[in-house]
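Data file: data12.tsv. Format and content: TSV, N, CA and C atoms.
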chain	number	residue	atom	x	y	z
A	1	MET	N	-76.59	29.35	-163.47
A	1	MET	CA	-75.85	28.21	-163.98
A	1	MET	C	-74.68	28.74	-164.81
A	2	ARG	N	-73.58	27.99	-164.74
A	2	ARG	CA	-72.36	28.39	-165.43
A	2	ARG	C	-71.79	27.20	-166.16
A	3	TYR	N	-71.20	27.45	-167.33
A	3	TYR	CA	-70.59	26.40	-168.14
A	3	TYR	C	-69.12	26.76	-168.34
A	4	ILE	N	-68.23	25.87	-167.93
A	4	ILE	CA	-66.79	26.08	-168.11
A	4	ILE	C	-66.37	25.18	-169.27
A	5	VAL	N	-65.98	25.82	-170.37
A	5	VAL	CA	-65.68	25.09	-171.61
A	5	VAL	C	-64.17	24.98	-171.79
A	6	SER	N	-63.68	23.75	-171.90
A	6	SER	CA	-62.29	23.48	-172.25
A	6	SER	C	-62.32	22.22	-173.12
A	7	ASN	N	-61.48	21.24	-172.86
A	7	ASN	CA	-61.57	20.00	-173.63
A	7	ASN	C	-62.80	19.20	-173.20
A	8	THR	N	-63.37	19.53	-172.05
A	8	THR	CA	-64.66	19.02	-171.60
A	8	THR	C	-65.51	20.22	-171.22
A	9	ILE	N	-66.75	19.97	-170.87
A	9	ILE	CA	-67.62	21.05	-170.41
A	9	ILE	C	-68.03	20.74	-168.98
A	10	ARG	N	-67.78	21.67	-168.09
A	10	ARG	CA	-68.20	21.53	-166.69
A	10	ARG	C	-69.46	22.38	-166.52
A	11	ILE	N	-70.54	21.72	-166.18
A	11	ILE	CA	-71.80	22.43	-165.94
A	11	ILE	C	-71.92	22.58	-164.42
A	12	VAL	N	-71.82	23.82	-163.97
A	12	VAL	CA	-71.88	24.11	-162.54
A	12	VAL	C	-73.35	24.26	-162.14
A	13	ASN	N	-73.77	23.53	-161.12
A	13	ASN	CA	-75.15	23.50	-160.63
A	13	ASN	C	-76.16	23.16	-161.74
A	14	PRO	N	-76.02	21.99	-162.35
A	14	PRO	CA	-76.95	21.62	-163.42
A	14	PRO	C	-78.36	21.38	-162.88
A	15	THR	N	-79.34	21.58	-163.75
A	15	THR	CA	-80.72	21.31	-163.37
A	15	THR	C	-80.96	19.81	-163.39
A	16	GLU	N	-82.04	19.38	-162.76
A	16	GLU	CA	-82.39	17.96	-162.77
A	16	GLU	C	-82.68	17.51	-164.20
A	17	ARG	N	-83.27	18.38	-165.00
A	17	ARG	CA	-83.55	18.06	-166.41
A	17	ARG	C	-82.26	17.73	-167.15
A	18	MET	N	-81.22	18.54	-166.93
A	18	MET	CA	-79.93	18.30	-167.57
A	18	MET	C	-79.33	16.97	-167.11
A	19	LYS	N	-79.37	16.73	-165.81
A	19	LYS	CA	-78.82	15.48	-165.28
A	19	LYS	C	-79.54	14.28	-165.90
A	20	ASP	N	-80.86	14.35	-165.96
A	20	ASP	CA	-81.63	13.24	-166.54
A	20	ASP	C	-81.30	13.04	-168.02
A	21	TYR	N	-81.18	14.14	-168.76
A	21	TYR	CA	-80.87	14.06	-170.19
A	21	TYR	C	-79.50	13.42	-170.40
A	22	VAL	N	-78.52	13.84	-169.60
A	22	VAL	CA	-77.16	13.30	-169.72
A	22	VAL	C	-77.15	11.82	-169.38
A	23	LYS	N	-77.82	11.44	-168.29
A	23	LYS	CA	-77.85	10.03	-167.90
A	23	LYS	C	-78.52	9.18	-168.98
A	24	GLU	N	-79.51	9.74	-169.64
A	24	GLU	CA	-80.22	9.00	-170.68
A	24	GLU	C	-79.42	8.89	-171.97
A	25	ASN	N	-78.63	9.91	-172.29
A	25	ASN	CA	-77.96	9.96	-173.59
A	25	ASN	C	-76.46	9.68	-173.56
A	26	LEU	N	-75.84	9.72	-172.39
A	26	LEU	CA	-74.40	9.51	-172.32
A	26	LEU	C	-74.02	8.24	-171.56
A	27	VAL	N	-74.95	7.32	-171.47
A	27	VAL	CA	-74.67	5.99	-170.94
A	27	VAL	C	-75.15	5.02	-172.01
A	28	ILE	N	-74.22	4.24	-172.55
A	28	ILE	CA	-74.58	3.31	-173.62
A	28	ILE	C	-74.09	1.91	-173.29
A	29	LYS	N	-74.73	0.94	-173.91
A	29	LYS	CA	-74.26	-0.44	-173.76
A	29	LYS	C	-72.89	-0.57	-174.39
A	30	ASN	N	-72.00	-1.28	-173.71
A	30	ASN	CA	-70.65	-1.49	-174.21
A	30	ASN	C	-70.69	-2.60	-175.27
A	31	PRO	N	-70.40	-2.25	-176.53
A	31	PRO	CA	-70.45	-3.28	-177.58
A	31	PRO	C	-69.47	-4.42	-177.35
A	32	GLN	N	-68.33	-4.12	-176.73
A	32	GLN	CA	-67.35	-5.17	-176.45
A	32	GLN	C	-67.92	-6.17	-175.44
A	33	TYR	N	-68.59	-5.67	-174.43
A	33	TYR	CA	-69.22	-6.54	-173.43
A	33	TYR	C	-70.28	-7.41	-174.11
A	34	GLU	N	-71.10	-6.79	-174.93
A	34	GLU	CA	-72.17	-7.52	-175.62
A	34	GLU	C	-71.59	-8.62	-176.51
A	35	GLN	N	-70.49	-8.33	-177.19
A	35	GLN	CA	-69.87	-9.33	-178.06
A	35	GLN	C	-69.30	-10.49	-177.25
A	36	LEU	N	-68.61	-10.17	-176.16
A	36	LEU	CA	-68.06	-11.23	-175.31
A	36	LEU	C	-69.18	-12.11	-174.74
A	37	LYS	N	-70.23	-11.49	-174.31
A	37	LYS	CA	-71.37	-12.22	-173.76
A	37	LYS	C	-71.99	-13.13	-174.81
A	38	ARG	N	-72.18	-12.59	-176.02
A	38	ARG	CA	-72.77	-13.35	-177.12
A	38	ARG	C	-71.90	-14.56	-177.49
A	39	LEU	N	-70.57	-14.40	-177.40
A	39	LEU	CA	-69.65	-15.48	-177.74
A	39	LEU	C	-69.41	-16.44	-176.58
A	40	GLY	N	-70.02	-16.15	-175.44
A	40	GLY	CA	-69.88	-17.02	-174.29
A	40	GLY	C	-68.53	-16.89	-173.61
A	41	LYS	N	-67.86	-15.75	-173.79
A	41	LYS	CA	-66.55	-15.54	-173.18
A	41	LYS	C	-66.69	-14.80	-171.85
A	42	TRP	N	-65.59	-14.77	-171.10
A	42	TRP	CA	-65.56	-14.13	-169.80
A	42	TRP	C	-65.72	-12.61	-169.94
A	43	THR	N	-66.59	-12.02	-169.15
A	43	THR	CA	-66.84	-10.57	-169.21
A	43	THR	C	-66.44	-9.86	-167.93
A	44	GLY	N	-65.72	-10.53	-167.06
A	44	GLY	CA	-65.41	-10.02	-165.73
A	44	GLY	C	-64.83	-8.62	-165.65
A	45	ASN	N	-63.82	-8.29	-166.45
A	45	ASN	CA	-63.19	-6.97	-166.38
A	45	ASN	C	-63.77	-5.97	-167.38
A	46	THR	N	-64.75	-6.38	-168.14
A	46	THR	CA	-65.33	-5.52	-169.17
A	46	THR	C	-66.59	-4.85	-168.63
A	47	PRO	N	-66.61	-3.52	-168.61
A	47	PRO	CA	-67.81	-2.84	-168.09
A	47	PRO	C	-69.01	-3.09	-168.99
A	48	ARG	N	-70.16	-3.24	-168.37
A	48	ARG	CA	-71.39	-3.51	-169.12
A	48	ARG	C	-71.86	-2.26	-169.87
A	49	PHE	N	-71.62	-1.09	-169.28
A	49	PHE	CA	-72.03	0.17	-169.89
A	49	PHE	C	-70.83	1.11	-170.00
A	50	LEU	N	-70.86	1.98	-171.01
A	50	LEU	CA	-69.87	3.04	-171.16
A	50	LEU	C	-70.54	4.33	-170.70
A	51	VAL	N	-69.92	4.99	-169.74
A	51	VAL	CA	-70.48	6.21	-169.17
A	51	VAL	C	-69.61	7.38	-169.63
A	52	TRP	N	-70.20	8.31	-170.36
A	52	TRP	CA	-69.46	9.41	-170.98
A	52	TRP	C	-69.64	10.73	-170.23
A	53	TYR	N	-69.93	10.67	-168.94
A	53	TYR	CA	-70.01	11.87	-168.14
A	53	TYR	C	-69.48	11.57	-166.75
A	54	GLU	N	-69.22	12.62	-165.97
A	54	GLU	CA	-68.77	12.48	-164.59
A	54	GLU	C	-69.52	13.49	-163.74
A	55	ILE	N	-69.65	13.18	-162.46
A	55	ILE	CA	-70.20	14.13	-161.51
A	55	ILE	C	-69.11	14.41	-160.49
A	56	ASP	N	-68.81	15.69	-160.32
A	56	ASP	CA	-67.77	16.12	-159.38
A	56	ASP	C	-68.38	17.18	-158.47
A	57	GLY	N	-68.90	16.75	-157.32
A	57	GLY	CA	-69.57	17.68	-156.41
A	57	GLY	C	-70.82	18.24	-157.05
A	58	ASN	N	-70.85	19.56	-157.24
A	58	ASN	CA	-72.01	20.19	-157.86
A	58	ASN	C	-71.79	20.45	-159.35
A	59	GLU	N	-70.80	19.77	-159.93
A	59	GLU	CA	-70.50	19.94	-161.35
A	59	GLU	C	-70.78	18.66	-162.13
A	60	LEU	N	-71.35	18.83	-163.29
A	60	LEU	CA	-71.59	17.74	-164.23
A	60	LEU	C	-70.59	17.93	-165.36
A	61	ILE	N	-69.74	16.94	-165.61
A	61	ILE	CA	-68.70	17.05	-166.63
A	61	ILE	C	-69.10	16.19	-167.83
A	62	VAL	N	-69.24	16.84	-168.98
A	62	VAL	CA	-69.66	16.15	-170.20
A	62	VAL	C	-68.63	16.39	-171.30
A	63	PRO	N	-68.61	15.55	-172.35
A	63	PRO	CA	-67.67	15.74	-173.46
A	63	PRO	C	-67.91	17.06	-174.19
A	64	PHE	N	-66.86	17.58	-174.80
A	64	PHE	CA	-66.95	18.84	-175.54
A	64	PHE	C	-68.02	18.78	-176.63
A	65	GLY	N	-68.19	17.64	-177.25
A	65	GLY	CA	-69.18	17.50	-178.32
A	65	GLY	C	-70.60	17.75	-177.88
A	66	PHE	N	-70.82	17.81	-176.61
A	66	PHE	CA	-72.16	18.04	-176.06
A	66	PHE	C	-72.54	19.52	-176.12
A	67	ILE	N	-71.63	20.37	-176.58
A	67	ILE	CA	-71.87	21.80	-176.56
A	67	ILE	C	-73.03	22.22	-177.46
A	68	ASP	N	-73.26	21.51	-178.56
A	68	ASP	CA	-74.37	21.85	-179.45
A	68	ASP	C	-75.70	21.75	-178.71
A	69	TRP	N	-75.89	20.67	-177.98
A	69	TRP	CA	-77.12	20.50	-177.22
A	69	TRP	C	-77.23	21.57	-176.15
A	70	LEU	N	-76.14	21.86	-175.47
A	70	LEU	CA	-76.14	22.84	-174.40
A	70	LEU	C	-76.49	24.23	-174.94
A	71	TRP	N	-75.93	24.56	-176.08
A	71	TRP	CA	-76.18	25.87	-176.69
A	71	TRP	C	-77.65	26.02	-177.09
A	72	LYS	N	-78.28	24.93	-177.48
A	72	LYS	CA	-79.70	24.99	-177.86
A	72	LYS	C	-80.60	25.31	-176.67
A	73	ILE	N	-80.21	24.85	-175.48
A	73	ILE	CA	-81.07	25.11	-174.32
A	73	ILE	C	-80.67	26.37	-173.57
A	74	ASP	N	-79.45	26.86	-173.77
A	74	ASP	CA	-79.01	28.09	-173.11
A	74	ASP	C	-77.96	28.77	-173.97
A	75	ASN	N	-78.37	29.78	-174.74
A	75	ASN	CA	-77.42	30.45	-175.62
A	75	ASN	C	-77.04	31.84	-175.10
A	76	ASP	N	-77.13	32.02	-173.80
A	76	ASP	CA	-76.69	33.27	-173.17
A	76	ASP	C	-75.17	33.20	-172.96
A	77	LYS	N	-74.43	33.99	-173.74
A	77	LYS	CA	-72.97	33.94	-173.71
A	77	LYS	C	-72.38	34.25	-172.34
A	78	THR	N	-73.11	34.98	-171.51
A	78	THR	CA	-72.58	35.34	-170.19
A	78	THR	C	-72.51	34.13	-169.26
A	79	HIS	N	-73.17	33.04	-169.60
A	79	HIS	CA	-73.14	31.84	-168.77
A	79	HIS	C	-71.93	30.95	-169.08
A	80	TYR	N	-71.23	31.24	-170.17
A	80	TYR	CA	-70.13	30.40	-170.63
A	80	TYR	C	-68.78	31.03	-170.28
A	81	GLU	N	-67.86	30.20	-169.81
A	81	GLU	CA	-66.50	30.65	-169.53
A	81	GLU	C	-65.56	29.84	-170.42
A	82	ASN	N	-64.83	30.53	-171.26
A	82	ASN	CA	-63.94	29.88	-172.22
A	82	ASN	C	-62.57	29.63	-171.59
A	83	ARG	N	-62.23	28.36	-171.41
A	83	ARG	CA	-60.91	27.99	-170.90
A	83	ARG	C	-60.14	27.13	-171.90
A	84	ILE	N	-60.47	27.30	-173.16
A	84	ILE	CA	-59.79	26.55	-174.22
A	84	ILE	C	-58.41	27.15	-174.40
A	85	ILE	N	-57.39	26.31	-174.37
A	85	ILE	CA	-56.01	26.75	-174.54
A	85	ILE	C	-55.58	26.36	-175.96
A	86	TYR	N	-55.22	27.36	-176.72
A	86	TYR	CA	-54.80	27.11	-178.10
A	86	TYR	C	-53.30	26.83	-178.13
A	87	GLY	N	-52.93	25.78	-178.84
A	87	GLY	CA	-51.52	25.41	-178.94
A	87	GLY	C	-50.80	26.24	-179.98
A	88	GLU	N	-49.49	26.11	-179.98
A	88	GLU	CA	-48.68	26.79	-180.97
A	88	GLU	C	-48.74	26.03	-182.28
A	89	LYS	N	-48.54	26.75	-183.37
A	89	LYS	CA	-48.50	26.09	-184.67
A	89	LYS	C	-47.25	25.23	-184.73
A	90	LEU	N	-47.43	24.00	-185.13
A	90	LEU	CA	-46.30	23.07	-185.22
A	90	LEU	C	-45.72	23.09	-186.62
A	91	GLU	N	-44.43	23.14	-186.68
A	91	GLU	CA	-43.73	23.06	-187.96
A	91	GLU	C	-43.17	21.65	-188.09
A	92	TYR	N	-43.25	21.11	-189.25
A	92	TYR	CA	-42.69	19.78	-189.46
A	92	TYR	C	-41.89	19.78	-190.75
A	93	LYS	N	-40.82	19.00	-190.74
A	93	LYS	CA	-39.95	18.90	-191.91
A	93	LYS	C	-40.09	17.50	-192.45
A	94	SER	N	-40.34	17.42	-193.72
A	94	SER	CA	-40.54	16.12	-194.33
A	94	SER	C	-40.06	16.17	-195.77
A	95	LYS	N	-39.53	15.06	-196.24
A	95	LYS	CA	-39.13	14.96	-197.64
A	95	LYS	C	-40.26	14.44	-198.50
A	96	ILE	N	-41.35	14.11	-197.86
A	96	ILE	CA	-42.50	13.56	-198.58
A	96	ILE	C	-43.33	14.70	-199.14
A	97	ASN	N	-43.61	14.65	-200.43
A	97	ASN	CA	-44.45	15.66	-201.05
A	97	ASN	C	-45.90	15.21	-200.96
A	98	LEU	N	-46.71	16.05	-200.34
A	98	LEU	CA	-48.13	15.72	-200.19
A	98	LEU	C	-48.93	16.29	-201.34
A	99	TYR	N	-50.03	15.63	-201.67
A	99	TYR	CA	-50.99	16.18	-202.60
A	99	TYR	C	-51.71	17.33	-201.89
A	100	ASP	N	-52.34	18.21	-202.66
A	100	ASP	CA	-53.03	19.36	-202.06
A	100	ASP	C	-54.04	18.94	-201.01
A	101	TYR	N	-54.85	17.92	-201.32
A	101	TYR	CA	-55.88	17.50	-200.37
A	101	TYR	C	-55.26	16.91	-199.10
A	102	GLN	N	-54.09	16.28	-199.22
A	102	GLN	CA	-53.41	15.75	-198.05
A	102	GLN	C	-52.86	16.89	-197.19
A	103	GLU	N	-52.32	17.90	-197.84
A	103	GLU	CA	-51.79	19.04	-197.12
A	103	GLU	C	-52.88	19.72	-196.29
A	104	LYS	N	-54.08	19.84	-196.86
A	104	LYS	CA	-55.20	20.45	-196.13
A	104	LYS	C	-55.55	19.63	-194.89
A	105	VAL	N	-55.53	18.32	-195.03
A	105	VAL	CA	-55.84	17.44	-193.90
A	105	VAL	C	-54.79	17.60	-192.80
A	106	VAL	N	-53.53	17.64	-193.18
A	106	VAL	CA	-52.45	17.78	-192.21
A	106	VAL	C	-52.59	19.12	-191.49
A	107	GLU	N	-52.83	20.19	-192.23
A	107	GLU	CA	-52.95	21.52	-191.61
A	107	GLU	C	-54.11	21.56	-190.61
A	108	LYS	N	-55.24	20.98	-190.98
A	108	LYS	CA	-56.39	20.96	-190.07
A	108	LYS	C	-56.10	20.11	-188.84
A	109	ALA	N	-55.43	19.00	-189.05
A	109	ALA	CA	-55.15	18.09	-187.93
A	109	ALA	C	-54.13	18.68	-186.96
A	110	LEU	N	-53.25	19.52	-187.46
A	110	LEU	CA	-52.24	20.11	-186.59
A	110	LEU	C	-52.82	21.18	-185.68
A	111	HIS	N	-53.97	21.71	-186.03
A	111	HIS	CA	-54.61	22.71	-185.19
A	111	HIS	C	-55.43	22.00	-184.14
A	112	LYS	N	-55.55	22.61	-183.00
A	112	LYS	CA	-56.30	22.01	-181.90
A	112	LYS	C	-57.76	21.91	-182.30
A	113	LYS	N	-58.32	20.75	-182.09
A	113	LYS	CA	-59.72	20.50	-182.45
A	113	LYS	C	-60.39	19.79	-181.29
A	114	ASN	N	-61.43	20.37	-180.73
A	114	ASN	CA	-62.21	19.77	-179.65
A	114	ASN	C	-61.34	19.33	-178.48
A	115	GLY	N	-60.35	20.15	-178.14
A	115	GLY	CA	-59.54	19.83	-176.98
A	115	GLY	C	-58.42	18.84	-177.24
A	116	ARG	N	-58.27	18.43	-178.48
A	116	ARG	CA	-57.22	17.46	-178.78
A	116	ARG	C	-56.19	18.13	-179.67
A	117	ASN	N	-54.94	17.83	-179.47
A	117	ASN	CA	-53.88	18.41	-180.27
A	117	ASN	C	-53.07	17.27	-180.88
A	118	TYR	N	-53.09	17.18	-182.19
A	118	TYR	CA	-52.34	16.13	-182.87
A	118	TYR	C	-51.00	16.69	-183.31
A	119	ASN	N	-49.96	15.91	-183.11
A	119	ASN	CA	-48.67	16.39	-183.59
A	119	ASN	C	-48.39	15.84	-184.98
A	120	ALA	N	-47.35	16.34	-185.58
A	120	ALA	CA	-47.05	15.98	-186.97
A	120	ALA	C	-46.79	14.48	-187.13
A	121	CYS	N	-46.16	13.87	-186.14
A	121	CYS	CA	-45.87	12.44	-186.23
A	121	CYS	C	-47.16	11.63	-186.30
A	122	THR	N	-48.14	12.02	-185.49
A	122	THR	CA	-49.41	11.31	-185.49
A	122	THR	C	-50.09	11.45	-186.85
A	123	VAL	N	-50.09	12.65	-187.37
A	123	VAL	CA	-50.73	12.89	-188.66
A	123	VAL	C	-50.01	12.12	-189.75
A	124	ALA	N	-48.68	12.19	-189.75
A	124	ALA	CA	-47.89	11.49	-190.76
A	124	ALA	C	-48.14	9.99	-190.70
A	125	GLU	N	-48.23	9.47	-189.49
A	125	GLU	CA	-48.46	8.04	-189.32
A	125	GLU	C	-49.81	7.65	-189.93
A	126	ARG	N	-50.81	8.48	-189.73
A	126	ARG	CA	-52.14	8.17	-190.26
A	126	ARG	C	-52.20	8.31	-191.77
A	127	LEU	N	-51.37	9.19	-192.33
A	127	LEU	CA	-51.40	9.42	-193.77
A	127	LEU	C	-50.49	8.47	-194.54
A	128	LYS	N	-49.69	7.69	-193.83
A	128	LYS	CA	-48.69	6.86	-194.54
A	128	LYS	C	-49.34	5.91	-195.54
A	129	LEU	N	-50.56	5.51	-195.28
A	129	LEU	CA	-51.25	4.62	-196.23
A	129	LEU	C	-51.46	5.31	-197.57
A	130	LEU	N	-51.59	6.63	-197.53
A	130	LEU	CA	-51.80	7.37	-198.77
A	130	LEU	C	-50.51	7.49	-199.58
A	131	TRP	N	-49.36	7.33	-198.93
A	131	TRP	CA	-48.09	7.50	-199.62
A	131	TRP	C	-47.59	6.23	-200.28
A	132	SER	N	-48.14	5.07	-199.89
A	132	SER	CA	-47.59	3.84	-200.45
A	132	SER	C	-48.20	3.48	-201.78
Now, as a test, write the supplied structure out as structure tokens.
Amino acid sequence: MRYIVSNTIRIVNPTERMKDYVKENLVIKNPQYEQLKRLGKWTGNTPRFLVWYEIDGNELIVPFGFIDWLWKIDNDKTHYENRIIYGEKLEYKSKINLYDYQEKVVEKALHKKNGRNYNACTVAERLKLLWS
């Protein structure tokens, strides 16, 4: 068995146990569907369940956050292939002076985390509430 790790995890030739565990834990009731149903509104385009995995041939694709569980059942490093691409450090120019704790948040957010890369504009937009 092989695990290809990037922004998602591709499990090549997963066992039936893995498939069953994923189906049991990565399919959840859609709260939006439940709310619409409870309010007596139309649910036609709203999926009843949210499915957080995919099957592509002999590969099971799961979210990156699933790596903790995967590591617990197979911690042999030779089974893992790292395809995580690290982005360049982003520089941003701003006239806004941040507090120390805000600066730490911005620095962490600018680094790639779990396959996601936030740019300075996104971070600034989220922090604007702290500046007012």
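The residue set within 6 Å of region 8-10 of chain A, counting only N, CA and C atoms and dropping same-chain residues fewer than 5 places from it, reads A:Arg2, A:Tyr3, A:Glu59, A:Leu60, A:Ile61, A:Val62, A:Pro63, A:Phe64.
Atom C of Gly65 (chain A) lies 21.2 Å from atom C of Glu107 (chain A).
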Q.
Please compute the CA of Met1 (chain A)-CA of Tyr80 (chain A) distance, one decimal, in Å.
A. 9.0 Å
**Q.** 7 Å contact set for Tyr33 (chain A), all atoms listed in the file, chain neighbours under 5 positions out, as a PyMOL selection string
**A.** chain A and resi 38+43+46-48
Box time for region 20-39 of chain A: axis-aligned, enclosing all its listed atoms, 3 Å extra on each side; report centre and edge lengths in Å to one decimal, as lines of an AutoDock Vina configuration file.
center_x = -74.5
center_y = -1.0
center_z = -172.0
size_x = 20.3
size_y = 36.8
size_z = 18.1
(Q) Taking only region 39-88 of chain A into account, list the residues labelled alpha helix (DSSP H) by DSSP (computed from the backbone), as a count of residues only. (A) 7
Q: Record the distance separating atom N of Ile4 (chain A) and atom C of Phe66 (chain A), expressed in Å with one decimal.
A: 11.2 Å
Q) Using only N, CA and C atoms, which of A:Val5, A:Asp74, A:Asn13, A:Val27 sits nearest Gly57 (chain A)? A) A:Asn13
